[in-house]
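Take a look at the structure below.
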Amino acid sequence: MLKTKTVTGNLPKAIAPRQRFDNTTPVLSSRQMGWNGILVEQYQHLSDSFEVEFPAPSDHWLVLPLGQPVLVTQKSDDRLHESIIQRGDSILVPAGQPKYWCRREGICCSLHIHLKPEMIRQTAEASEIDTKRIGLVDCFGKQDPQIHQIAMLLLAELESGGMMGQLYVESLIQVLAIHLLRHYSSVTQTITPENRSLTHTQLQQAIDYIHAHLDRDLSLAKLASIINISPTYFASLFKQSMGVAPHQYVIQQRVEQAKFMLSKTDLAIADIASKVGFSSQSHLTQQFKRLTGMTPKQVR
């Protein structure tokens with residue numbers, strides 16, 4: 001359970017400016033991976049203390065502790081509050097809100113997710129929410145299993161070097177944005193997709209494009225542009241029509257195409273993996289066995 005207490009006095013003076021957190025180098029970062037609308041970084045702080053002080057982030061910022069519980073001091077409403085932060089807790093700093101944190105002891109491993117406000121805005125628009133009235137509210141140390149699950153999936157994708165691809169990451173971003181709007185928003189309104197559906201022609205155009213470009217790193221933005229709707233609308237309406245999310249459908253079709261090529265060609269399994277859009281032979285094997293119960297070698 002989270003334990004928080006308010007402490008009196010001025011801001012701690014024991015930490016020098018040179019120990020500011022923003023000079024720390026991440027252990028892992030998605031900065032070079034081309035993920036649209038999101039930056040995911042893992043940090044490992046080995047020093048006895050660190051300090052976070054910034055005027056206001058331009059992105060929404062989620063921090064998720066991954067190590068042992070630590071005592072953290074934060075400044076809010078010109079007062080200091082001490083909290084024990086532990087694995088499973090979520091710290092949300094909305095864009096534009098200044099913050100000060102201080103940790104004085106213990107090794108701290110954490111995952112940081114920077115989400116572009118544009119992603120929240122697009123999701124709100126798809127739910128017909130007035131974006132001029134909506135805003136995320138800050139949260140410090142709340143246990144949130146769904147945020148933790150999404151964060152761990154993003155971390156796994158980061159550790160794999162982006163094995164699942166852009167479409168998978170964008171789908172996780174959509175789920176995260178919807179969850180933040182539902183539970184951390186200043187507007188208490190049900191988040192639902194617009195009351196509409198893809199026409200038969202629109203759905204067929206999207207499916208045809210997927211089948212013609214299975215070997216590419218597909219994205220929601222590209223698929224949505226084919227039928228001239230927003231990525232958020234597309235993700236929701238495609239799942240409504242097909243029963244599965246776009247990235248799940250793409251994986252299914254890649255496995256089906258691989259199964260056909262395994263039985264009809266003499267291409268090496270690694271070459272087949274590349275031709276149907278998997279990042280490696282091991283990625284093909286993993287998804288192939290998950291969907292068929294067999295390995296590619298067993299099929300051949």
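Chain labels run A, B, ... following the order of the structure tokens; each chain numbers its residues from 1, and ligands are numbered from 1 in the order shown.
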
Would you mind listing what lies within 12 Å of Ser160 (chain A) as a PyMOL selection string, with only C-alpha atoms counted and same-chain residues fewer than 3 positions away left out? chain A and resi 28-30+33+153-157+163-165+279-280+282-283

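The residues of region 138-299 of chain A that DSSP assigns to strand (DSSP E) on this backbone come out as A:Cys139, A:Phe140, A:Gly141, A:Lys142, A:Gln143.
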
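Every protein, DNA or RNA residue with an atom at most 10 Å from region 254-265 of chain A, where only C-alpha atoms count and chain neighbours fewer than 5 positions away do not, is listed here: Ile210, His211, Leu214, Asp215, Gln248, Tyr249, Ile272, Ala273, Ser274, Lys275, Val276, Gly277, Phe278, Leu284, Thr285, Gln287, Phe288, Lys289, Arg290, Leu291, Thr292, Pro296, Lys297, Gln298, Val299 and Arg300 of chain A.
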
At most 8 Å is the cut-off: for each residue in region 180-299 of chain A with any atom that close to an atom of region 133-137 of chain A, write down the nearest atom pair and the distance in Å rounded to one decimal, counting only C-alpha atoms, chain first then increasing number, as a tab-separated table.
```
residue	atom	partner	partner_atom	distance
A:Leu180	CA	A:Leu136	CA	7.4
A:Leu181	CA	A:Leu136	CA	7.2
A:Tyr184	CA	A:Leu136	CA	5.5
A:Ser185	CA	A:Leu136	CA	4.4
A:Ser186	CA	A:Gly135	CA	5.4
A:Val187	CA	A:Ile134	CA	5.6
```

Preceding selection exported with C-alpha atoms as an mmCIF file, in the first residue's frame:
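Final file, out20.cif:
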```
data_model
loop_
_atom_site.group_PDB
_atom_site.id
_atom_site.type_symbol
_atom_site.label_atom_id
_atom_site.label_comp_id
_atom_site.auth_asym_id
_atom_site.auth_seq_id
_atom_site.Cartn_x
_atom_site.Cartn_y
_atom_site.Cartn_z
ATOM 1 C CA LEU A 180 -5.680 7.659 -19.656
ATOM 2 C CA LEU A 181 -8.772 9.424 -20.963
ATOM 3 C CA TYR A 184 -6.930 10.301 -15.613
ATOM 4 C CA SER A 185 -8.971 12.908 -17.437
ATOM 5 C CA SER A 186 -10.652 16.094 -16.259
ATOM 6 C CA VAL A 187 -13.686 15.143 -18.372
#
```

Quick one: residues within 9 Å of Ile113 (chain A), only C-alpha atoms, excluding same-chain residues fewer than 6 positions away - as a list in words?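 My reading of the contact set: Ile38, Leu39, Val40, Glu41, Gln42, His60, Trp61, Leu62, Val63, Leu64 and Ala151 of chain A.
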
Val175 (chain A): which residues within 12 Å, counting only C-alpha atoms, same-chain residues fewer than 6 positions away excluded, as a ChimeraX atom specification? /A:119-120,123,146-147,149-151,153-154,168-169,181-182,191,232,235-236,245

My list of candidates is A:Glu170, A:Cys108, A:Pro69, A:Ile85. Which is closest to Tyr43 (chain A) when distances are computed with only C-alpha atoms?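 Of A:Glu170, A:Cys108, A:Pro69, A:Ile85, the one nearest Tyr43 (chain A), counting only C-alpha atoms, is A:Cys108.
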
Could you go through region 153-191 of chain A and tell me which residues DSSP, when run on the backbone, assigns to helix (DSSP H, G or I), listing them as a list in words?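 Those residues are Leu153, Leu154, Leu155, Ala156, Glu157, Leu158, Glu159, Gln166, Leu167, Tyr168, Val169, Glu170, Ser171, Leu172, Ile173, Gln174, Val175, Leu176, Ala177, Ile178, His179, Leu180, Leu181, Arg182 and His183 of chain A.
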
Report as a count of residues only all protein, DNA and RNA residues lying within 9 Å of Pro231 (chain A), evaluated on only C-alpha atoms, omitting residues in the same chain fewer than 6 positions from it. 9
